[in-house]
Amino acid sequence: MKSNLKQRHQQLSKQNKNTLFIIPSGRAPQRSHSVHYPFKVPSDFYYLTGLSLENAFFVLFEGRAQLFVLAATEQQKIWQEFEDLQSQIEDFNGYKKIIELVEGDLTEHFVRMEALIQKAQVVAFPRGRSEVLENFLSDKFSYNRKNSIFFGRDQFPAWQDSQLLIGQVRSQKDDDEIACLDEAVRRTLAVHGEFAKLNFVGQTEKQVRDHFELEFLKRGMGWTSYQTIVGAGQRACGLHARPGYSKLKSEDLVLIDAGAEFESYCADITRTWSIGGVATEEQHLILDLVTEVQRQTIESICVGDRFDKIDSMAKELLKEKLSHRLGVSVTSEEIQQLMPHRTSHWLGLDVHDPCPYFDHDGQSVQLQKGMVMTIEPGLYFRPGLSQKWKKFEGLGVRIEDDVVMGGKKLLVLGQEEKIDLN
């Protein structure tokens with residue numbers, strides 16, 4: 001991890017010269033009174049530090065990486081509100097050679113930031129995360145636009161959202177990241193596979209969710225990648241069905257979109273199961289069709305293809321196969337109604353990694369080795385769409401797997417064989 005951190009800092013600085021990055025780790029929001037929600041470190045902070053730490057600031061300027069941490073008070077030490085920083089770092093002295101650790105109070109840290117702002121042309125930070133940081137920057141900038149003594153020049157630093165800038169660096173995963181993603185998918189798939197062997201007839205969607213999330217915990221996956229989606233029967237037509245008290249019936253399908261994190265890296269897997277174990281003719285047709293479209297899409301995408309080819313190819317295949325199997329003409333507009341979401345999104349430390357989808361020329365980005373994404377075609381025959389789909393009404397099917405771009409083709413994560421990008 002240490003060498004990877006240094007490479008990330010260097011790449012970020014090289015691509016964004018004269019840019020000062022200030023990345024706050026934030027803190028757990030208050031739930032009520034003295035109780036806070038569990039703390040989840042933001043992905044960009046973790047990507048650049050490898051730490052899960054509250055109330056800290058990662059600062060990067062001209063290749064120099066610093067970590068501003070708040071000194072713990074005696075009261076905090078007594079109540080153990082501050083996590084021991086050193087306990088997270090195996091080689092503490094080696095770590096300090098990559099990131100300079102600076103301890104102090106908030107006022108001292110802002111004085112240090114102020115000195116760096118004077119030298120920067122751009123100040124990049126994640127909007128909306130740290131009220132105290134944004135208040136400091138807002139006050140400092142608005143005051144000194146009237147008093148140019150602070151900057152000593154007429155042109156002031158520009159503000160920019162750091163998340164997309166960091167997302168550009170995060171778009172191609174290194175070997176360690178891919179290994180974590182592969183393991184996250186492997187463990188998630190094991191839970192999906194075991195569910196298929198169990199009898200959940202008569203149980204509720206909430207009970208299915210609880211089963212998945214407990215099994216994730218048993219496998220050492222402390223966080224789900226997102227809120228688990230469970231849609232039974234007609235509710236599978238809701239793209240992000242929130243689990244409710246609807247009971248699973250033997251004649252229905254259930255769509256389960258559930259994934260969890262391993263070492264902070266996310267899996268995003270969707271399966272659609274026949275609850276009773278035997279699908280009807282209509283259910284089998286749609287399940288088979290969506291599965292086949294997903295497989296052919298994965299096999300057809302190559303390194304150098306544009307990202308938007310994934311969606312256009314999958315929807316064209318859905319149109320062709322639905323037309324062929326039903327013996328009716330199906331239009332692109334109808335497919336868009338039946339599948340109103342995109343076929344793919346970036347995946348990494350976030351279930352929707354904030355990596356760019358378009359290049360500087362406004363074109364869809366080219367797929368390069370190490371990029372990780374989902375492939376998730378689906379068909380959702382919502383009630384009231386059209387008489388044309390009457391016999392499929394209420395069916396919702398999505399099949400989703402996670403893939404990485406190898407040296408030539410897409411490789412499916414979580415398989416038995418070890419991922420080799422070459």
# chains A, B, ... in the order shown; residues from 1 in each chain; ligands from 1
$ residues_around --residues "stretch 20-23 of chain A" --least-positions-apart "2" --cutoff "7 Å" --atoms "only C-alpha atoms" --output "list in words"
Asn18, Ser25, Phe45, Phe57, Phe58, Val59, Leu60, Phe61, Ala120, Val122, Val123, Ala124, Phe125 and Pro126 of chain A
$ residues_around --residues "A:Pro340" --least-positions-apart "5" --cutoff "9 Å" --atoms "only C-alpha atoms" --output "PyMOL selection string"
chain A and resi 239+335+379-380
$ residues_around --residues "A:Leu181" --least-positions-apart "6" --cutoff "7 Å" --atoms "only C-alpha atoms" --output "PyMOL selection string"
chain A and resi 265-267
$ closest_residue --among "A:Val328, A:Val351, A:Ala196, A:Ile301" --to "A:Lys409" --atoms "only C-alpha atoms"
A:Ile301
$ select_by_dssp --residues "stretch 208-415 of chain A" --states "strand (DSSP E)" --output "VMD selection string"
chain A and resid 229 to 232 253 to 257 261 to 262 265 to 266 270 to 274 372 to 375 378 to 380 396 to 398 401 to 405 410 to 412
$ closest_residue --among "A:Asp288, A:Glu417, A:Asp268, A:Glu194" --to "A:Thr228" --atoms "only C-alpha atoms"
A:Asp268
$ closest_residue --among "A:Ile99, A:Arg271, A:Arg31, A:Glu90" --to "A:His9" --atoms "only C-alpha atoms"
A:Ile99
$ residues_around --residues "A:Lys40" --least-positions-apart "3" --cutoff "10 Å" --atoms "only C-alpha atoms" --output "ChimeraX atom specification"
/A:25-28,37,43,46,52-54,223,264
$ closest_residue --among "A:Val201, A:Gly277, A:Asp91, A:Tyr226" --to "A:Lys247" --atoms "only C-alpha atoms"
A:Val201
$ residues_around --residues "A:Leu189" --least-positions-apart "6" --cutoff "12 Å" --atoms "only C-alpha atoms" --output "PyMOL selection string"
chain A and resi 182-183+195-196+212+215-216+219+256-260+267-271+400-402+412-416
$ write_last_selection --atoms "C-alpha atoms" --output "PDB file, in the first residue's frame"
ATOM      1  CA  ASP A 182     -12.002  -9.779  -6.837  1.00  0.00           C
ATOM      2  CA  GLU A 183     -12.237 -10.967  -3.238  1.00  0.00           C
ATOM      3  CA  PHE A 195     -29.443 -18.105  -1.002  1.00  0.00           C
ATOM      4  CA  ALA A 196     -30.482 -19.953  -4.155  1.00  0.00           C
ATOM      5  CA  PHE A 212     -27.724 -11.319   3.104  1.00  0.00           C
ATOM      6  CA  GLU A 215     -23.919 -13.507   5.844  1.00  0.00           C
ATOM      7  CA  PHE A 216     -21.749 -10.628   4.628  1.00  0.00           C
ATOM      8  CA  ARG A 219     -17.512 -13.356   5.856  1.00  0.00           C
ATOM      9  CA  ILE A 256     -31.782  -9.222  -5.221  1.00  0.00           C
ATOM     10  CA  ASP A 257     -29.160  -6.522  -5.769  1.00  0.00           C
ATOM     11  CA  ALA A 258     -26.735  -6.990  -2.882  1.00  0.00           C
ATOM     12  CA  GLY A 259     -23.012  -6.468  -2.456  1.00  0.00           C
ATOM     13  CA  ALA A 260     -20.539  -5.788   0.319  1.00  0.00           C
ATOM     14  CA  ALA A 267     -18.904  -5.663  -4.989  1.00  0.00           C
ATOM     15  CA  ASP A 268     -22.136  -4.994  -6.883  1.00  0.00           C
ATOM     16  CA  ILE A 269     -24.008  -8.167  -7.806  1.00  0.00           C
ATOM     17  CA  THR A 270     -27.608  -8.707  -8.900  1.00  0.00           C
ATOM     18  CA  ARG A 271     -29.370 -12.009  -9.357  1.00  0.00           C
ATOM     19  CA  GLU A 400     -25.320  -8.003 -12.871  1.00  0.00           C
ATOM     20  CA  ASP A 401     -21.660  -8.973 -12.640  1.00  0.00           C
ATOM     21  CA  ASP A 402     -18.467  -7.014 -12.081  1.00  0.00           C
ATOM     22  CA  VAL A 412     -15.341 -11.382 -14.923  1.00  0.00           C
ATOM     23  CA  LEU A 413     -14.370 -10.873 -11.271  1.00  0.00           C
ATOM     24  CA  GLY A 414     -14.986 -13.494  -8.596  1.00  0.00           C
ATOM     25  CA  GLN A 415     -14.366 -16.557 -10.756  1.00  0.00           C
ATOM     26  CA  GLU A 416     -12.375 -19.605  -9.676  1.00  0.00           C
TER      27      GLU A 416
END
$ closest_residue --among "A:Gln121, A:Thr224, A:Gln30, A:Thr343" --to "A:Ala158" --atoms "only C-alpha atoms"
A:Gln121
$ closest_residue --among "A:Thr107, A:Gln10, A:Gln227, A:Gln207" --to "A:Ser246" --atoms "only C-alpha atoms"
A:Gln207
$ select_by_dssp --residues "stretch 31-262 of chain A" --states "helix (DSSP H, G or I)" --output "MDAnalysis selection string"
chainID A and resid 43:49 74:79 85:88 92:96 106:117 131:146 162:170 175:195 205:218 233:237
